[in-house]
Amino acid sequence: MDEIINKKEDVNFNVSARAARLIGRENVASAEGAIIELVKNTYDADSDFCIIYFDIPYQDAPDYLNDRDFYFVNHKFQRFNIDLNDYYVLSDDFLWHKKIIEENQQKGIESISSKLDRIFNSLTHIYIIDNGEGMNSETIKKHWMTIGTADKVNNYISQKKRTKSGAKGIGRFALDRLGETCQMWTQRQGYTGVDWIVDWETFDHQNKTINDIKATIQYKNIDLSDKLQSLLSDKQFNIFSNNLASRRSPIDVKSKLTSGTTIQISYIRDDWDKSALTKLRDGLETLVPPSEDDTFQIFLFNNRYENLDGILLPVLCDNFDYKLKANVTNGYVNIELIRNEFQLDKIPIDCLSKYFSNNLVYNINLIEELSKLLPGSSDNKHIDLPLIGDFSFTLYFLKRSSSSGDKQKYYQKDFDYMERKAWLENNSGIKIFRDFFRVRPYGESDSTSWDWLGLGSRVALDPAQASRKGRWKVSPQNISGIINISRIKNPSLEDKSNREGLQENDTFSQFKELLLAIIKIFEDDRSEIYSKLDLYFRNNQEIPESQDLSKKEQEKANLIAHKKFKEFKEKQEKAEKINKSDEELLSLSLLKEQAEKEDLSRELTDMREENALLRVFASSGITIASFAHELRNLELKLGGDRYDFIKSILQKYIDPNSFTKDDEFENPYYLLELVEKDDFKMKSWLLYTLRTIKKDKRTRKLINIIEYLDELKQSWFSMLNERDISLNIIKNIDSYSIKAFEIDFDCIFNNLIINSREAFTRPNCKNRVINIEVIQTTSGLSILYSDEGPGLSKDIKNPYDIFKATVSTKINRHGKQVGTGLGMWLIKKTLDEYKATVQLNNTDDGFGIEINFPEIK
């Protein structure tokens, strides 16, 4: 045994060479993603452009090779321990012809031909070329060769004042994802050029650490311009600016390559066929956001498919229905809405004056606090919206179709259906850009993150029409969006280590909820305009809409009714004495009935939606009622003398005084006290639950409101007492009865007490006191409910919005609404049944509501 007893030494961590494989090839999700990382590096290096060139000598194994090519390829194949003589034979025509190979058809084993095709395809070279600042030997050794370097973290602003997109220090391992070997020529002004070579396969050697793996550098004079010209000698190589005015003036490549870097990736790992190159081109076109900025340009070239060559330009959208521009700064959001969908000049004057107060314009601007967009966020200690940082958001909405009836009813502009469809197929989805570059995979059409905000599920839950004010939700198929964030202004929105998305922390969750709230501003604006135009149309239509207009008889009847109705209106305008003929009576009756049916249909739709919500509560009630017997038995078992009995048994074996305060959680007596307290809470809640499902509560009867409130106080006593909450009933009368369902009163007061109970947990709560005062008035009965909590959240713009369904200020740490938002809505619906009115008395000293029941007659 060589170790010395009690010997102490410091031991270094070590990293196996395989770690580079995990960081590089296995950590970069796709070849396209790897190329994008390399393009970002050229931007960080202050390059004016990035050129990606694919030299593809063989798409698959050719049928024959000339002598020169045969020996060239055979030399390359030595890397794979393959002798090309086994697969090709020299024929009389002095060409090497591929042998007829017997395929191995055994399942699960790659055929010889497929393997040969794959290896021939691997002879493709990928070149990444830029004219950035380049590197010298010191930069390569100190930064390029250091895994996880913090250089771009500390020096995140480039010489050209660009914010560098890289920060992880692992981008160079994207080269490993693309190919087995790499050669880099780089030149920095004023320094000798450097030729850098690495074979990534050496990282797979067993028992080697990262320090055992070497790259080779050689110092030489490098002419990057000549190298570029030799690679692209067959191309019409004119690099143009994005600016249309300067497209006829090519950039001088010779003068642009006095410094820079050219990377050659060999023995590639992926098959770059036409479909793969097309996908790469589409991805690169959306890599940078649409902009007039032409200081950085991306080019894609290859030697096989000429139609894929050229500059990659982001596509601007100018054929939209709606455009939302939001700039978030210092806790506020400045929003501009452009309503390009409507022909505002065609909307009748009487419609504008009656429904829009003569104030319907193409552009509107508003400024809002972020906390107002997420009500309840300012009261939640886990939420800090300004921590998200400043960002901008542009959203385009383009509907794909429209009926002739909708065009007439909503005064819509004409648009090219096919053009929109084609544009949306390539550009739909909301994309995130950080410092000029897209954060993948958000908004990518073939990715699970295409609808990363969950807009589709919102529509599925409530597929309301655009005319449903406050209800309509936009479909992800009809939008395109651009979000611009920055490393400097949004440090909490960090990239994942593999650059495939942002880290999904609390800030990112709050960021998503904030974006949904901004989108809702657009949705509400559009649905409000649609609802008003729909109302105007229904109030002024002379022939109500019908689903059966295709039936000739009904069409004829409507035409006759329309004609007679016009004649009747003309008589009215002339102030003639009107004696309605039978035909006029029938026509007026028909049109009136059709209009009433439409109104009833809308009311029924509202009722169905309300009933859907109420069915949820009914289902819960039925479930509780079905277990009422078991719940009562459980309630009887809770509490009682059983804890004293258990203590008496324990005392025979364990001395209660043998435990100190530090031993609390090992003290069975202390733990028993905790269980007893929990049982008492459970018993209180069970009593409350069983009380709400009593059958007599669902029978209409005369209810003495004073007696009812006394019983209410008693039933809530234990649950309020455990939180030190006082409930005071202030009686100004001895008795007052209302014929009602007791369960309706439970709905009103239980929801109010639950809300107060929750409000007392928020900051700035003065006293935990609830007061219910009863006053008889000349018009009936007035009940004043109030608490001394913090009042309604300051994030609520209109206090009466709390009576709307699903409006809630209860949100979790991610900014997502967790309250049902149905309590106050149920209160309002219940009071409407009794023709009672409500008035809010909300102040900084608490929440108050005045309920007035009409006098009993």
# chains A, B, ... in the order shown; residues from 1 in each chain; ligands from 1

call {"tool": "residues_around", "arguments": {"residues": "Val769 in chain A", "least_positions_apart": "2", "cutoff": "9 Å", "atoms": "only C-alpha atoms", "output": "list of chain:residue names"}}
result
A:Asp724, A:Ile725, A:Ser726, A:Leu727, A:Asn728, A:Ser756, A:Lys766, A:Asn767, A:Asn771, A:Ser786, A:Asp787, A:Glu788, A:Gly789

call {"tool": "write_last_selection", "arguments": {"atoms": "N, CA, C and O atoms", "output": "PDB file, in the first residue's frame"}}
result
ATOM      1  N   ASP A 724     -55.750  34.633  11.250  1.00  0.00           N
ATOM      2  CA  ASP A 724     -55.942  35.876  12.025  1.00  0.00           C
ATOM      3  C   ASP A 724     -56.811  36.882  11.286  1.00  0.00           C
ATOM      4  O   ASP A 724     -56.522  38.087  11.258  1.00  0.00           O
ATOM      5  N   ILE A 725     -57.867  36.396  10.657  1.00  0.00           N
ATOM      6  CA  ILE A 725     -58.793  37.269   9.928  1.00  0.00           C
ATOM      7  C   ILE A 725     -60.086  37.403  10.733  1.00  0.00           C
ATOM      8  O   ILE A 725     -60.647  36.388  11.181  1.00  0.00           O
ATOM      9  N   SER A 726     -60.531  38.631  10.906  1.00  0.00           N
ATOM     10  CA  SER A 726     -61.782  38.899  11.636  1.00  0.00           C
ATOM     11  C   SER A 726     -62.900  39.174  10.637  1.00  0.00           C
ATOM     12  O   SER A 726     -62.723  39.944   9.688  1.00  0.00           O
ATOM     13  N   LEU A 727     -64.063  38.553  10.876  1.00  0.00           N
ATOM     14  CA  LEU A 727     -65.249  38.797  10.052  1.00  0.00           C
ATOM     15  C   LEU A 727     -66.322  39.417  10.937  1.00  0.00           C
ATOM     16  O   LEU A 727     -66.790  38.800  11.909  1.00  0.00           O
ATOM     17  N   ASN A 728     -66.688  40.659  10.635  1.00  0.00           N
ATOM     18  CA  ASN A 728     -67.674  41.392  11.433  1.00  0.00           C
ATOM     19  C   ASN A 728     -68.968  41.560  10.651  1.00  0.00           C
ATOM     20  O   ASN A 728     -68.942  42.003   9.495  1.00  0.00           O
ATOM     21  N   SER A 756     -60.929  38.091  -0.477  1.00  0.00           N
ATOM     22  CA  SER A 756     -60.310  38.878   0.608  1.00  0.00           C
ATOM     23  C   SER A 756     -59.219  38.066   1.286  1.00  0.00           C
ATOM     24  O   SER A 756     -58.145  38.587   1.605  1.00  0.00           O
ATOM     25  N   LYS A 766     -53.026  46.251   5.568  1.00  0.00           N
ATOM     26  CA  LYS A 766     -53.033  46.976   6.844  1.00  0.00           C
ATOM     27  C   LYS A 766     -53.613  46.118   7.964  1.00  0.00           C
ATOM     28  O   LYS A 766     -52.968  45.838   8.958  1.00  0.00           O
ATOM     29  N   ASN A 767     -54.844  45.708   7.816  1.00  0.00           N
ATOM     30  CA  ASN A 767     -55.502  44.889   8.836  1.00  0.00           C
ATOM     31  C   ASN A 767     -56.260  43.755   8.154  1.00  0.00           C
ATOM     32  O   ASN A 767     -56.848  43.934   7.095  1.00  0.00           O
ATOM     33  N   ASN A 771     -65.660  43.343   6.843  1.00  0.00           N
ATOM     34  CA  ASN A 771     -66.922  43.874   7.387  1.00  0.00           C
ATOM     35  C   ASN A 771     -68.052  43.661   6.392  1.00  0.00           C
ATOM     36  O   ASN A 771     -67.888  43.933   5.194  1.00  0.00           O
ATOM     37  N   SER A 786     -66.780  44.967   2.691  1.00  0.00           N
ATOM     38  CA  SER A 786     -65.480  45.646   2.579  1.00  0.00           C
ATOM     39  C   SER A 786     -64.429  44.863   3.357  1.00  0.00           C
ATOM     40  O   SER A 786     -64.740  44.106   4.276  1.00  0.00           O
ATOM     41  N   ASP A 787     -63.173  45.050   2.942  1.00  0.00           N
ATOM     42  CA  ASP A 787     -62.050  44.504   3.717  1.00  0.00           C
ATOM     43  C   ASP A 787     -60.971  45.570   3.815  1.00  0.00           C
ATOM     44  O   ASP A 787     -61.008  46.575   3.102  1.00  0.00           O
ATOM     45  N   GLU A 788     -60.047  45.384   4.729  1.00  0.00           N
ATOM     46  CA  GLU A 788     -58.971  46.363   4.961  1.00  0.00           C
ATOM     47  C   GLU A 788     -57.647  45.861   4.384  1.00  0.00           C
ATOM     48  O   GLU A 788     -56.582  46.122   4.931  1.00  0.00           O
ATOM     49  N   GLY A 789     -57.756  45.140   3.275  1.00  0.00           N
ATOM     50  CA  GLY A 789     -56.564  44.648   2.591  1.00  0.00           C
ATOM     51  C   GLY A 789     -55.971  45.694   1.671  1.00  0.00           C
ATOM     52  O   GLY A 789     -56.284  46.893   1.785  1.00  0.00           O
TER      53      GLY A 789
END

call {"tool": "closest_residue", "arguments": {"among": "A:Asp223, A:Asp67, A:Glu722, A:Asp525", "to": "Asn363 in chain A", "atoms": "only C-alpha atoms"}}
result
A:Asp525

call {"tool": "atom_distance", "arguments": {"atom1": "CA of Trp96 in chain A", "atom2": "CA of Leu231 in chain A"}}
result
27.3 Å

call {"tool": "residues_around", "arguments": {"residues": "range 397-409 of chain A", "least_positions_apart": "2", "cutoff": "6 Å", "atoms": "only C-alpha atoms", "output": "ChimeraX atom specification"}}
result
/A:320-322,411-412,478-479

call {"tool": "write_last_selection", "arguments": {"atoms": "all heavy atoms", "output": "PDB file, in the first residue's frame"}}
result
ATOM      1  N   PHE A 320     -49.805  43.513 -45.588  1.00  0.00           N
ATOM      2  CA  PHE A 320     -50.375  43.015 -44.344  1.00  0.00           C
ATOM      3  C   PHE A 320     -51.736  43.660 -44.062  1.00  0.00           C
ATOM      4  O   PHE A 320     -52.060  44.728 -44.595  1.00  0.00           O
ATOM      5  CB  PHE A 320     -49.426  43.292 -43.173  1.00  0.00           C
ATOM      6  CG  PHE A 320     -49.043  44.745 -43.028  1.00  0.00           C
ATOM      7  CD1 PHE A 320     -49.858  45.646 -42.347  1.00  0.00           C
ATOM      8  CD2 PHE A 320     -47.867  45.226 -43.594  1.00  0.00           C
ATOM      9  CE1 PHE A 320     -49.507  46.978 -42.213  1.00  0.00           C
ATOM     10  CE2 PHE A 320     -47.510  46.563 -43.482  1.00  0.00           C
ATOM     11  CZ  PHE A 320     -48.338  47.440 -42.791  1.00  0.00           C
ATOM     12  N   ASP A 321     -52.520  42.998 -43.222  1.00  0.00           N
ATOM     13  CA  ASP A 321     -53.788  43.574 -42.753  1.00  0.00           C
ATOM     14  C   ASP A 321     -53.570  44.433 -41.519  1.00  0.00           C
ATOM     15  O   ASP A 321     -54.164  45.501 -41.384  1.00  0.00           O
ATOM     16  CB  ASP A 321     -54.785  42.458 -42.413  1.00  0.00           C
ATOM     17  CG  ASP A 321     -55.341  41.799 -43.658  1.00  0.00           C
ATOM     18  OD1 ASP A 321     -55.604  42.522 -44.632  1.00  0.00           O
ATOM     19  OD2 ASP A 321     -55.513  40.572 -43.666  1.00  0.00           O
ATOM     20  N   TYR A 322     -52.749  43.929 -40.624  1.00  0.00           N
ATOM     21  CA  TYR A 322     -52.441  44.640 -39.385  1.00  0.00           C
ATOM     22  C   TYR A 322     -50.947  44.555 -39.131  1.00  0.00           C
ATOM     23  O   TYR A 322     -50.310  43.532 -39.425  1.00  0.00           O
ATOM     24  CB  TYR A 322     -53.157  43.997 -38.197  1.00  0.00           C
ATOM     25  CG  TYR A 322     -54.344  44.763 -37.660  1.00  0.00           C
ATOM     26  CD1 TYR A 322     -55.606  44.594 -38.207  1.00  0.00           C
ATOM     27  CD2 TYR A 322     -54.213  45.642 -36.589  1.00  0.00           C
ATOM     28  CE1 TYR A 322     -56.712  45.271 -37.720  1.00  0.00           C
ATOM     29  CE2 TYR A 322     -55.305  46.320 -36.081  1.00  0.00           C
ATOM     30  CZ  TYR A 322     -56.550  46.134 -36.643  1.00  0.00           C
ATOM     31  OH  TYR A 322     -57.635  46.817 -36.146  1.00  0.00           O
ATOM     32  N   TYR A 411     -65.826  46.266 -44.876  1.00  0.00           N
ATOM     33  CA  TYR A 411     -65.119  47.263 -45.678  1.00  0.00           C
ATOM     34  C   TYR A 411     -63.633  46.889 -45.811  1.00  0.00           C
ATOM     35  O   TYR A 411     -62.728  47.702 -45.612  1.00  0.00           O
ATOM     36  CB  TYR A 411     -65.277  48.659 -45.073  1.00  0.00           C
ATOM     37  CG  TYR A 411     -66.721  49.050 -44.900  1.00  0.00           C
ATOM     38  CD1 TYR A 411     -67.370  48.841 -43.690  1.00  0.00           C
ATOM     39  CD2 TYR A 411     -67.454  49.590 -45.955  1.00  0.00           C
ATOM     40  CE1 TYR A 411     -68.715  49.168 -43.536  1.00  0.00           C
ATOM     41  CE2 TYR A 411     -68.796  49.925 -45.808  1.00  0.00           C
ATOM     42  CZ  TYR A 411     -69.427  49.700 -44.599  1.00  0.00           C
ATOM     43  OH  TYR A 411     -70.752  50.023 -44.453  1.00  0.00           O
ATOM     44  N   GLN A 412     -63.391  45.620 -46.162  1.00  0.00           N
ATOM     45  CA  GLN A 412     -62.021  45.122 -46.275  1.00  0.00           C
ATOM     46  C   GLN A 412     -61.397  45.516 -47.611  1.00  0.00           C
ATOM     47  O   GLN A 412     -62.072  45.611 -48.625  1.00  0.00           O
ATOM     48  CB  GLN A 412     -62.004  43.590 -46.145  1.00  0.00           C
ATOM     49  CG  GLN A 412     -62.465  43.069 -44.803  1.00  0.00           C
ATOM     50  CD  GLN A 412     -62.629  41.555 -44.818  1.00  0.00           C
ATOM     51  OE1 GLN A 412     -62.666  40.929 -45.879  1.00  0.00           O
ATOM     52  NE2 GLN A 412     -62.754  40.963 -43.643  1.00  0.00           N
ATOM     53  N   ASN A 478     -51.565  32.750 -39.478  1.00  0.00           N
ATOM     54  CA  ASN A 478     -51.838  34.027 -40.141  1.00  0.00           C
ATOM     55  C   ASN A 478     -50.918  35.149 -39.679  1.00  0.00           C
ATOM     56  O   ASN A 478     -51.218  36.315 -39.930  1.00  0.00           O
ATOM     57  CB  ASN A 478     -53.293  34.444 -39.901  1.00  0.00           C
ATOM     58  CG  ASN A 478     -54.272  33.539 -40.614  1.00  0.00           C
ATOM     59  OD1 ASN A 478     -54.563  32.444 -40.161  1.00  0.00           O
ATOM     60  ND2 ASN A 478     -54.777  33.977 -41.741  1.00  0.00           N
ATOM     61  N   ILE A 479     -49.838  34.817 -38.999  1.00  0.00           N
ATOM     62  CA  ILE A 479     -48.977  35.883 -38.483  1.00  0.00           C
ATOM     63  C   ILE A 479     -47.507  35.615 -38.782  1.00  0.00           C
ATOM     64  O   ILE A 479     -47.084  34.482 -39.014  1.00  0.00           O
ATOM     65  CB  ILE A 479     -49.141  36.077 -36.963  1.00  0.00           C
ATOM     66  CG1 ILE A 479     -48.773  34.788 -36.218  1.00  0.00           C
ATOM     67  CG2 ILE A 479     -50.526  36.548 -36.609  1.00  0.00           C
ATOM     68  CD1 ILE A 479     -48.656  34.968 -34.729  1.00  0.00           C
TER      69      ILE A 479
END

call {"tool": "closest_atom_pairs", "arguments": {"of": "range 693-794 of chain A", "to": "range 848-851 of chain A", "cutoff": "6 Å", "atoms": "only C-alpha atoms", "output": "JSON lines"}}
result
{"residue": "A:Ser782", "atom": "CA", "partner": "A:Ile851", "partner_atom": "CA", "distance": 5.6}
{"residue": "A:Ile783", "atom": "CA", "partner": "A:Ile851", "partner_atom": "CA", "distance": 5.1}
{"residue": "A:Leu784", "atom": "CA", "partner": "A:Glu850", "partner_atom": "CA", "distance": 4.7}
{"residue": "A:Tyr785", "atom": "CA", "partner": "A:Ile849", "partner_atom": "CA", "distance": 5.3}
{"residue": "A:Ser786", "atom": "CA", "partner": "A:Gly848", "partner_atom": "CA", "distance": 4.1}

call {"tool": "residues_around", "arguments": {"residues": "range 448-457 of chain A", "least_positions_apart": "5", "cutoff": "8 Å", "atoms": "only C-alpha atoms", "output": "list in words"}}
result
Gly429, Ile430, Pro441, Tyr442, Gly443, Lys473, Val474, Ser475, Pro476, Lys512 and Leu516 of chain A

call {"tool": "write_last_selection", "arguments": {"atoms": "N, CA, C and O atoms", "output": "short mmCIF file (atom, residue, chain, number, x, y, z; two decimals), in the first residue's frame"}}
result
data_model
loop_
_atom_site.label_atom_id
_atom_site.label_comp_id
_atom_site.auth_asym_id
_atom_site.auth_seq_id
_atom_site.Cartn_x
_atom_site.Cartn_y
_atom_site.Cartn_z
N GLY A 429 -44.84 32.48 -38.35
CA GLY A 429 -44.16 32.19 -37.09
C GLY A 429 -43.50 33.43 -36.52
O GLY A 429 -43.16 34.38 -37.25
N ILE A 430 -43.32 33.44 -35.21
CA ILE A 430 -42.68 34.56 -34.52
C ILE A 430 -41.24 34.17 -34.21
O ILE A 430 -40.99 33.19 -33.51
N PRO A 441 -34.75 27.53 -32.37
CA PRO A 441 -35.57 27.28 -33.56
C PRO A 441 -36.91 28.03 -33.55
O PRO A 441 -37.83 27.63 -34.23
N TYR A 442 -37.02 29.09 -32.77
CA TYR A 442 -38.29 29.79 -32.62
C TYR A 442 -38.82 30.29 -33.96
O TYR A 442 -38.14 30.99 -34.69
N GLY A 443 -40.07 29.89 -34.27
CA GLY A 443 -40.71 30.35 -35.50
C GLY A 443 -40.35 29.58 -36.74
O GLY A 443 -40.79 29.94 -37.84
N LYS A 473 -59.14 35.26 -31.03
CA LYS A 473 -57.71 34.99 -30.88
C LYS A 473 -57.10 34.75 -32.26
O LYS A 473 -57.70 34.10 -33.10
N VAL A 474 -55.92 35.27 -32.47
CA VAL A 474 -55.27 35.15 -33.77
C VAL A 474 -54.68 33.76 -33.94
O VAL A 474 -54.15 33.17 -32.99
N SER A 475 -54.76 33.23 -35.16
CA SER A 475 -54.20 31.92 -35.46
C SER A 475 -52.73 32.07 -35.84
O SER A 475 -52.36 33.02 -36.54
N PRO A 476 -51.86 31.15 -35.40
CA PRO A 476 -50.44 31.26 -35.75
C PRO A 476 -50.18 31.12 -37.24
O PRO A 476 -49.14 31.57 -37.73
N LYS A 512 -42.66 35.39 -22.30
CA LYS A 512 -43.70 34.83 -23.17
C LYS A 512 -45.08 35.38 -22.81
O LYS A 512 -45.88 35.72 -23.69
N LEU A 516 -47.69 37.61 -25.14
CA LEU A 516 -49.11 37.26 -25.36
C LEU A 516 -50.01 38.43 -24.99
O LEU A 516 -51.02 38.69 -25.66
#

call {"tool": "closest_residue", "arguments": {"among": "A:Lys797, A:Lys810, A:Lys739, A:Lys413", "to": "Phe853 in chain A", "atoms": "only C-alpha atoms"}}
result
A:Lys739

call {"tool": "closest_residue", "arguments": {"among": "A:Gln78, A:Thr209, A:Asn319, A:Asn85", "to": "Asn340 in chain A", "atoms": "only C-alpha atoms"}}
result
A:Asn319
